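A.B. asks: Structure file work06.cif, mmCIF, C-alpha atoms and all ligand atoms, is pasted below:
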data_model
#
loop_
_atom_site.label_atom_id
_atom_site.label_comp_id
_atom_site.auth_asym_id
_atom_site.auth_seq_id
_atom_site.Cartn_x
_atom_site.Cartn_y
_atom_site.Cartn_z
CA MET A 1 0.00 0.00 0.00
CA SER A 2 1.36 3.46 -0.83
CA ASN A 3 2.19 5.87 1.99
CA GLY A 4 -0.60 8.20 0.90
CA ALA A 5 -3.18 5.41 0.95
CA SER A 6 -2.12 4.11 4.37
CA SER A 7 -2.16 7.57 5.96
CA ARG A 8 -5.59 8.18 4.43
CA LEU A 9 -6.75 4.88 5.92
CA GLU A 10 -5.31 5.79 9.29
CA PHE A 11 -7.07 9.16 9.12
CA LEU A 12 -10.36 7.49 8.19
CA GLY A 13 -9.89 5.07 11.11
CA GLN A 14 -9.41 7.96 13.53
CA LEU A 15 -12.38 9.80 12.06
CA ALA A 16 -14.61 6.73 12.43
CA GLY A 17 -13.38 6.12 15.98
CA GLY A 18 -14.14 9.76 16.84
CA LEU A 19 -17.59 9.48 15.29
CA ALA A 20 -18.38 6.35 17.31
CA HIS A 21 -17.37 8.19 20.50
CA GLU A 22 -19.53 11.19 19.60
CA ILE A 23 -22.51 8.88 19.05
CA LYS A 24 -22.11 7.04 22.35
CA ASN A 25 -22.93 9.94 24.68
CA PRO A 26 -26.13 11.19 23.02
CA LEU A 27 -27.26 7.58 22.78
CA SER A 28 -27.00 7.09 26.52
CA THR A 29 -28.83 10.39 27.13
CA MET A 30 -31.61 9.20 24.80
CA LYS A 31 -31.77 5.86 26.56
CA LEU A 32 -32.00 7.42 30.00
CA THR A 33 -34.67 9.91 28.90
CA LEU A 34 -36.74 7.15 27.34
CA GLN A 35 -36.45 5.07 30.51
CA LEU A 36 -37.75 8.04 32.51
CA LEU A 37 -40.64 8.45 30.05
CA GLN A 38 -41.32 4.73 30.35
CA GLU A 39 -41.62 5.10 34.12
CA ASP A 40 -43.99 8.07 33.76
CA PHE A 41 -46.25 6.36 31.23
CA SER A 42 -46.41 3.11 33.16
CA GLN A 43 -48.27 4.96 35.98
CA ASP A 44 -51.04 5.78 33.51
CA LYS A 45 -53.40 3.02 32.35
CA SER A 46 -55.12 5.00 29.56
CA ALA A 47 -55.14 3.71 25.95
CA LEU A 48 -52.96 6.65 24.88
CA ALA A 49 -50.36 5.84 27.56
CA MET A 50 -50.33 2.15 26.52
CA ARG A 51 -49.75 3.11 22.88
CA SER A 52 -46.98 5.49 23.88
CA LEU A 53 -45.36 2.83 26.05
CA ARG A 54 -45.19 0.44 23.11
CA LYS A 55 -43.49 3.13 21.00
CA ILE A 56 -41.05 3.87 23.80
CA GLU A 57 -40.17 0.18 24.06
CA LEU A 58 -39.53 0.04 20.33
CA LEU A 59 -37.26 3.08 20.51
CA LEU A 60 -35.40 1.59 23.49
CA LYS A 61 -34.81 -1.63 21.56
CA GLU A 62 -33.42 0.28 18.58
CA ILE A 63 -31.18 2.35 20.83
CA THR A 64 -29.84 -0.77 22.56
CA HIS A 65 -29.07 -2.24 19.12
CA LEU A 66 -27.24 0.95 18.04
CA ASP A 67 -25.37 1.01 21.33
CA GLU A 68 -24.17 -2.58 20.80
CA ILE A 69 -22.97 -1.72 17.30
CA VAL A 70 -21.04 1.30 18.53
CA GLN A 71 -19.49 -0.61 21.46
CA GLU A 72 -18.39 -3.45 19.21
CA PHE A 73 -17.07 -1.01 16.62
CA LEU A 74 -14.90 0.63 19.28
CA ARG A 75 -13.65 -2.74 20.56
CA LEU A 76 -12.84 -3.90 17.03
CA SER A 77 -11.09 -0.70 16.00
CA ARG A 78 -9.04 -0.38 19.19
CA GLY A 79 -8.18 -4.05 19.44
CA HIS A 80 -8.74 -6.13 22.56
CA ASP A 81 -6.57 -5.75 25.60
CA LEU A 82 -5.63 -9.42 25.96
CA LYS A 83 -4.70 -10.94 29.32
CA PHE A 84 -3.11 -14.30 28.67
CA GLN A 85 -3.48 -17.01 31.27
CA ARG A 86 -3.23 -20.82 31.42
CA THR A 87 -6.67 -22.11 30.57
CA ASP A 88 -8.35 -25.49 30.46
CA LEU A 89 -10.12 -25.28 27.10
CA GLY A 90 -11.86 -28.59 27.81
CA ASP A 91 -13.48 -27.13 30.94
CA MET A 92 -14.39 -23.97 29.06
CA ILE A 93 -16.11 -25.93 26.27
CA ARG A 94 -17.96 -28.21 28.72
CA GLU A 95 -19.23 -25.11 30.56
CA LEU A 96 -20.34 -23.48 27.29
CA VAL A 97 -22.25 -26.60 26.24
CA GLU A 98 -23.91 -26.60 29.65
CA PHE A 99 -24.63 -22.87 29.46
CA LEU A 100 -26.18 -22.99 25.97
CA GLY A 101 -27.91 -26.32 26.62
CA ALA A 102 -31.26 -24.78 27.58
CA GLU A 103 -31.31 -22.61 24.46
CA ALA A 104 -30.46 -25.66 22.31
CA ASN A 105 -33.17 -27.77 23.96
CA GLN A 106 -35.71 -25.05 23.38
CA LYS A 107 -34.81 -25.08 19.67
CA SER A 108 -34.84 -28.92 19.58
CA VAL A 109 -31.18 -28.90 18.59
CA THR A 110 -28.73 -31.42 20.06
CA LEU A 111 -25.62 -29.70 21.32
CA ARG A 112 -22.57 -31.74 22.32
CA SER A 113 -18.81 -31.56 22.64
CA GLN A 114 -16.00 -33.91 21.65
CA LEU A 115 -12.68 -33.30 23.38
CA GLU A 116 -9.40 -35.01 22.56
CA GLY A 117 -5.89 -34.70 23.93
CA GLU A 118 -4.50 -32.40 26.58
CA LEU A 119 -6.56 -29.26 26.52
CA ASP A 120 -5.46 -27.82 29.85
CA GLY A 121 -2.68 -25.27 30.14
CA ILE A 122 -3.51 -23.57 26.84
CA ILE A 123 -2.38 -19.94 27.06
CA VAL A 124 -5.17 -17.64 25.91
CA ASP A 125 -7.29 -14.76 27.09
CA ALA A 126 -10.08 -16.95 28.43
CA THR A 127 -12.71 -14.18 28.42
CA TYR A 128 -12.26 -13.37 24.74
CA ILE A 129 -11.87 -16.97 23.57
CA ARG A 130 -15.08 -17.81 25.45
CA GLN A 131 -16.75 -14.87 23.70
CA ALA A 132 -15.51 -16.06 20.29
CA LEU A 133 -16.71 -19.64 20.88
CA THR A 134 -20.05 -18.38 22.20
CA ASN A 135 -20.53 -16.37 19.00
CA LEU A 136 -19.79 -19.40 16.82
CA LEU A 137 -22.07 -21.65 18.87
CA LYS A 138 -24.91 -19.13 18.81
CA ASN A 139 -24.57 -18.77 15.04
CA ALA A 140 -24.62 -22.56 14.71
CA LEU A 141 -27.75 -22.86 16.88
CA GLU A 142 -29.45 -20.06 14.98
CA ALA A 143 -28.59 -21.69 11.64
CA THR A 144 -29.94 -25.06 12.80
CA GLU A 145 -33.18 -23.85 14.32
CA PRO A 146 -35.14 -23.22 11.09
CA LYS A 147 -34.66 -26.85 10.01
CA GLY A 148 -35.36 -28.26 13.46
CA GLY A 149 -34.01 -31.45 15.01
CA GLY A 150 -30.46 -30.68 13.95
CA GLU A 151 -27.17 -31.03 15.65
CA VAL A 152 -24.34 -28.77 16.75
CA ILE A 153 -21.00 -30.18 17.77
CA ILE A 154 -18.03 -28.36 19.24
CA ARG A 155 -14.90 -30.42 18.89
CA ALA A 156 -11.44 -29.60 20.24
CA ARG A 157 -8.21 -31.46 19.57
CA ARG A 158 -4.60 -30.77 20.30
CA HIS A 159 -1.90 -31.43 17.70
CA SER A 160 1.47 -30.69 19.34
CA ASP A 161 1.67 -26.86 19.58
CA VAL A 162 -1.70 -26.21 17.98
CA VAL A 163 -5.28 -26.58 19.19
CA MET A 164 -8.01 -27.03 16.63
CA VAL A 165 -11.54 -26.13 17.66
CA GLU A 166 -14.37 -26.89 15.25
CA VAL A 167 -17.97 -25.76 15.49
CA ILE A 168 -20.07 -27.94 13.22
CA ASP A 169 -23.78 -27.61 12.54
CA THR A 170 -26.36 -29.34 10.38
CA GLY A 171 -28.11 -26.03 9.75
CA VAL A 172 -29.14 -24.07 6.70
CA GLY A 173 -25.58 -23.47 5.47
CA VAL A 174 -24.33 -20.38 3.68
CA ALA A 175 -25.85 -19.26 0.39
CA HIS A 176 -23.31 -19.12 -2.40
CA ALA A 177 -23.84 -15.38 -2.86
CA ASN A 178 -22.91 -14.75 0.78
CA ARG A 179 -19.71 -16.81 0.90
CA GLU A 180 -17.35 -13.86 0.42
CA ARG A 181 -19.03 -11.47 2.82
CA MET A 182 -19.53 -13.62 5.92
CA PHE A 183 -16.71 -11.98 7.88
CA ARG A 184 -17.45 -8.44 6.71
CA PRO A 185 -18.47 -6.09 9.52
CA TYR A 186 -22.24 -5.47 9.55
CA PHE A 187 -23.03 -8.32 7.15
CA THR A 188 -26.07 -10.07 8.56
CA THR A 189 -29.03 -12.07 7.25
CA LYS A 190 -30.81 -11.93 10.62
CA LYS A 191 -33.49 -9.59 11.84
CA GLY A 192 -31.88 -7.75 14.72
CA GLY A 193 -28.40 -9.17 13.97
CA THR A 194 -25.42 -6.82 14.23
CA GLY A 195 -23.15 -8.63 11.76
CA MET A 196 -20.30 -8.03 14.20
CA GLY A 197 -20.11 -11.60 15.57
CA LEU A 198 -17.83 -13.15 12.97
CA PRO A 199 -15.56 -10.10 12.51
CA MET A 200 -15.10 -10.16 16.28
CA VAL A 201 -14.30 -13.89 16.25
CA ARG A 202 -11.71 -13.36 13.53
CA ARG A 203 -10.16 -10.39 15.31
CA ILE A 204 -9.86 -12.25 18.64
CA VAL A 205 -8.41 -15.38 17.04
CA GLU A 206 -5.89 -13.41 14.99
CA GLU A 207 -4.85 -11.44 18.08
CA HIS A 208 -3.96 -14.86 19.56
CA GLY A 209 -1.80 -15.64 16.52
CA GLY A 210 -4.46 -18.03 15.24
CA GLN A 211 -6.66 -18.44 12.21
CA VAL A 212 -10.33 -18.99 11.52
CA THR A 213 -11.77 -20.56 8.36
CA TYR A 214 -15.07 -22.16 7.44
CA GLU A 215 -16.70 -24.39 4.90
CA SER A 216 -20.37 -24.77 4.23
CA VAL A 217 -22.82 -26.66 2.06
CA GLU A 218 -26.07 -24.83 1.48
CA GLY A 219 -28.93 -26.78 3.03
CA ALA A 220 -26.57 -29.22 4.79
CA GLY A 221 -24.61 -27.24 7.35
CA SER A 222 -21.40 -25.44 8.16
CA ARG A 223 -18.12 -26.04 9.89
CA PHE A 224 -16.02 -23.27 11.40
CA VAL A 225 -12.43 -24.12 12.28
CA LEU A 226 -10.27 -22.23 14.74
CA LEU A 227 -6.56 -22.90 14.94
CA LEU A 228 -4.85 -21.53 18.03
CA PRO A 229 -1.26 -21.83 19.21
CA VAL A 230 -1.08 -23.52 22.64
CA ASP A 231 1.10 -20.62 23.69
CA PRO A 232 1.33 -17.29 21.83
CA ASN A 233 5.12 -17.52 22.26
CA ARG A 234 5.08 -20.83 20.39
CA ARG A 235 3.07 -19.71 17.40
CA GLU A 236 5.70 -20.71 14.79
CA THR A 237 4.21 -24.18 14.22
CA LEU A 238 0.84 -22.65 13.47
CA GLN A 239 2.29 -19.88 11.30
CA ALA A 240 4.16 -22.55 9.30
CA MET A 241 0.93 -24.56 8.87
CA ILE A 242 -0.89 -21.43 7.73
CA ARG A 243 1.89 -20.62 5.23
CA VAL A 244 1.68 -24.15 3.83
CA SER A 245 -2.12 -23.98 3.64
CA ALA A 246 -1.88 -20.68 1.73
CA THR A 247 -0.19 -22.50 -1.19
CA PRO A 248 -2.68 -23.34 -3.97
CA GLU A 249 -2.32 -27.10 -3.51
CA ALA A 250 -3.04 -27.21 0.21
CA PRO A 251 -6.44 -27.55 1.89
CA ALA A 252 -8.04 -24.44 3.40
CA THR A 253 -7.56 -25.73 6.92
CA PRO A 254 -4.55 -27.82 7.89
CA ALA A 255 -5.37 -31.28 9.14
CA ALA A 256 -8.94 -30.82 7.92
CA PRO A 257 -10.65 -33.28 5.62
CA ARG A 258 -10.67 -32.07 2.03
CA SER A 259 -14.11 -33.27 1.17
CA ARG A 260 -16.75 -30.73 2.07
CA ARG A 261 -19.38 -33.41 2.49
CA ARG A 262 -17.17 -35.32 4.89
CA ALA A 263 -16.39 -32.15 6.77
CA LEU A 264 -20.05 -31.71 7.55
CA GLU A 265 -20.75 -35.30 8.35
CA VAL A 266 -22.35 -35.11 11.75
CA LYS A 267 -23.62 -38.43 12.88
CA PRO A 268 -26.33 -38.20 15.45
CA GLY A 269 -26.32 -40.97 18.00
CA SER A 270 -24.46 -42.19 21.01
CA PRO A 271 -21.72 -39.93 22.34
CA GLU A 272 -18.13 -40.99 21.71
CA PRO A 273 -15.52 -41.13 24.49
CA GLY A 274 -14.79 -37.65 25.83
CA GLU A 275 -18.12 -36.30 24.66
CA THR A 276 -20.46 -34.17 26.67
CA GLN A 277 -23.99 -33.46 25.68
CA ALA A 278 -25.96 -30.40 26.72
CA GLY A 279 -27.74 -31.16 29.94
CA GLU A 280 -25.12 -33.66 31.11
CA SER A 281 -22.86 -32.57 33.91
N1 LIG B 301 -23.18 -21.39 11.27
C1 LIG B 301 -23.70 -20.63 10.32
N2 LIG B 301 -24.51 -21.16 9.35
C2 LIG B 301 -25.04 -20.39 8.39
N3 LIG B 301 -24.82 -19.06 8.28
C3 LIG B 301 -24.04 -18.47 9.20
C4 LIG B 301 -23.43 -19.21 10.25
N4 LIG B 301 -22.70 -18.36 11.00
C5 LIG B 301 -22.85 -17.14 10.44
N5 LIG B 301 -23.65 -17.19 9.36
C6 LIG B 301 -24.05 -16.07 8.47
O1 LIG B 301 -23.13 -15.02 8.66
C7 LIG B 301 -23.84 -13.82 9.04
C8 LIG B 301 -22.94 -13.00 9.94
O2 LIG B 301 -22.77 -13.63 11.21
P1 LIG B 301 -22.38 -12.74 12.47
O3 LIG B 301 -22.24 -13.63 13.63
O4 LIG B 301 -21.24 -11.87 12.10
O5 LIG B 301 -23.63 -11.78 12.65
P2 LIG B 301 -25.13 -12.19 13.03
O6 LIG B 301 -25.15 -13.56 13.65
O7 LIG B 301 -25.98 -11.98 11.84
O8 LIG B 301 -25.51 -11.10 14.12
P3 LIG B 301 -25.21 -11.21 15.72
O9 LIG B 301 -23.95 -12.02 15.85
O10 LIG B 301 -25.09 -9.82 16.16
O11 LIG B 301 -26.39 -11.91 16.30
C9 LIG B 301 -25.12 -14.33 9.65
O12 LIG B 301 -26.15 -13.37 9.58
C10 LIG B 301 -25.43 -15.55 8.81
O13 LIG B 301 -26.03 -15.19 7.58
MG MG B 302 -23.74 -14.02 15.21
#
Step by step, read the file and then write its structure as structure tokens.

C.D. replies:
Amino acid sequence: MSNGASSRLEFLGQLAGGLAHEIKNPLSTMKLTLQLLQEDFSQDKSALAMRSLRKIELLLKEITHLDEIVQEFLRLSRGHDLKFQRTDLGDMIRELVEFLGAEANQKSVTLRSQLEGELDGIIVDATYIRQALTNLLKNALEATEPKGGGEVIIRARRHSDVVMVEVIDTGVGVAHANRERMFRPYFTTKKGGTGMGLPMVRRIVEEHGGQVTYESVEGAGSRFVLLLPVDPNRRETLQAMIRVSATPEAPATPAAPRSRRRALEVKPGSPEPGETQAGES
């Protein structure tokens, strides 16, 4: 990139960051004022007050949505302040499956985990990795719900200095036309979606020296793959794998099956060793 172009980009970045800050304060004033109005109107049981209350609720919902977008924009543009600590990824994944179990049950989706190898002592920022995995799992559950009776699996395996985490679903898959824009900020196909989930996942994983890729078959499901170094100071193995995978002959994700169909093969049925299913403790 030329010097001119990069300084223009930097300037645009600062401008956008400034704009987001300027939006934040009036938004919170609007929210507070609406909450006060909500309190006032809820004392009054007249038809007019009821109608006004519904409008206030709608406005509050929109403001909350805008607020989330601005907050996430600021986090993405500033970068996350990572605090690395030894983490048991196995425990984290079991807890997430437990935590999202009720939501999965409600949607009639089976949610389970498959854990292999030593997953303790992985050096990550646990808060952000949990957030990234939660985003992927929520997307998977949301994609599976419209078809009903589907399955979501989170699988983690360690290969020497690299941990591979896969989130696999038997959901609606990604339409061909959307393939390229999945990770673009604000791209969403959901009512009320921010389109910031996947950009945030990518940002967090890359800040850990990792990589995120996905494959999908429309109507059959999707598989998101995270590769993370077990220690950010030992990221060379992963960087080497990524360099190899960037060559035209190599698969998109190292150690991943080449066949897309196979990648999405999710066999419902009895749990394998090391598996946890939502609802189990
Ligand atoms: N597992 C998946 N299966 C099918 N499509 C997916 C999957 N995950 C993401 N997508 C598509 O990518 C889009 C962007 O996802 P992202 O998580 O960034 O935002 P979102 O889920 O739409 O909104 P939010 O995360 O704020 O709820 C989704 O709207 C959906 O179209
Ligand atoms: Mg999402």

A.B. asks: Nearest residue to ligand LIG 301 (chain B) out of A:Arg94, A:His80, A:Arg243, A:Lys138, using all atoms listed in the file?

C.D. replies: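 Going through A:Arg94, A:His80, A:Arg243, A:Lys138 one by one, the smallest distance to ligand LIG 301 (chain B) is for A:Lys138.
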
A.B. asks: Go through chain A and flag each residue having an atom no more than 10 Å from ligand MG 302 (chain B); for those, report the closest pair of atoms plus their distance in Å to one decimal, using only C-alpha atoms and all ligand atoms, ordered by chain and rising number, as CSV.

C.D. replies:
residue,atom,partner,partner_atom,distance
A:Ala132,CA,B:MG302,MG,9.9
A:Thr134,CA,B:MG302,MG,9.0
A:Asn135,CA,B:MG302,MG,5.5
A:Leu136,CA,B:MG302,MG,6.9
A:Leu137,CA,B:MG302,MG,8.6
A:Lys138,CA,B:MG302,MG,6.4
A:Asn139,CA,B:MG302,MG,4.8
A:Ala140,CA,B:MG302,MG,8.6
A:Leu141,CA,B:MG302,MG,9.8
A:Glu142,CA,B:MG302,MG,8.3
A:Ala143,CA,B:MG302,MG,9.8
A:Phe187,CA,B:MG302,MG,9.9
A:Thr188,CA,B:MG302,MG,8.1
A:Thr189,CA,B:MG302,MG,9.8
A:Lys190,CA,B:MG302,MG,8.7
A:Gly193,CA,B:MG302,MG,6.8
A:Thr194,CA,B:MG302,MG,7.5
A:Gly195,CA,B:MG302,MG,6.4
A:Met196,CA,B:MG302,MG,7.0
A:Gly197,CA,B:MG302,MG,4.4
A:Leu198,CA,B:MG302,MG,6.4
A:Pro199,CA,B:MG302,MG,9.5
A:Met200,CA,B:MG302,MG,9.5
A:Val201,CA,B:MG302,MG,9.5

A.B. asks: Put those residues in a file: C-alpha atoms, as a PDB file, keeping the file's coordinate frame.

C.D. replies:
ATOM      1  CA  ALA A 132     -15.510 -16.060  20.290  1.00  0.00           C
ATOM      2  CA  THR A 134     -20.050 -18.380  22.200  1.00  0.00           C
ATOM      3  CA  ASN A 135     -20.530 -16.370  19.000  1.00  0.00           C
ATOM      4  CA  LEU A 136     -19.790 -19.400  16.820  1.00  0.00           C
ATOM      5  CA  LEU A 137     -22.070 -21.650  18.870  1.00  0.00           C
ATOM      6  CA  LYS A 138     -24.910 -19.130  18.810  1.00  0.00           C
ATOM      7  CA  ASN A 139     -24.570 -18.770  15.040  1.00  0.00           C
ATOM      8  CA  ALA A 140     -24.620 -22.560  14.710  1.00  0.00           C
ATOM      9  CA  LEU A 141     -27.750 -22.860  16.880  1.00  0.00           C
ATOM     10  CA  GLU A 142     -29.450 -20.060  14.980  1.00  0.00           C
ATOM     11  CA  ALA A 143     -28.590 -21.690  11.640  1.00  0.00           C
ATOM     12  CA  PHE A 187     -23.030  -8.320   7.150  1.00  0.00           C
ATOM     13  CA  THR A 188     -26.070 -10.070   8.560  1.00  0.00           C
ATOM     14  CA  THR A 189     -29.030 -12.070   7.250  1.00  0.00           C
ATOM     15  CA  LYS A 190     -30.810 -11.930  10.620  1.00  0.00           C
ATOM     16  CA  GLY A 193     -28.400  -9.170  13.970  1.00  0.00           C
ATOM     17  CA  THR A 194     -25.420  -6.820  14.230  1.00  0.00           C
ATOM     18  CA  GLY A 195     -23.150  -8.630  11.760  1.00  0.00           C
ATOM     19  CA  MET A 196     -20.300  -8.030  14.200  1.00  0.00           C
ATOM     20  CA  GLY A 197     -20.110 -11.600  15.570  1.00  0.00           C
ATOM     21  CA  LEU A 198     -17.830 -13.150  12.970  1.00  0.00           C
ATOM     22  CA  PRO A 199     -15.560 -10.100  12.510  1.00  0.00           C
ATOM     23  CA  MET A 200     -15.100 -10.160  16.280  1.00  0.00           C
ATOM     24  CA  VAL A 201     -14.300 -13.890  16.250  1.00  0.00           C
TER      25      VAL A 201
END

A.B. asks: Please report the interatomic distance between CA of Gly79 (chain A) and CA of Gly13 (chain A) in Å with one decimal.

C.D. replies: 12.5 Å

A.B. asks: Could you check how far CA of Gln71 (chain A) sits from CA of Arg202 (chain A), in Å to one decimal?

C.D. replies: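 Interatomic distance, CA of Gln71 (chain A) to CA of Arg202 (chain A): 16.9 Å.
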
A.B. asks: State, in Å with one decimal place, the distance from CA of Lys191 (chain A) to CA of Leu32 (chain A).

C.D. replies: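 Straight-line distance from CA of Lys191 (chain A) to CA of Leu32 (chain A) works out to 24.9 Å.
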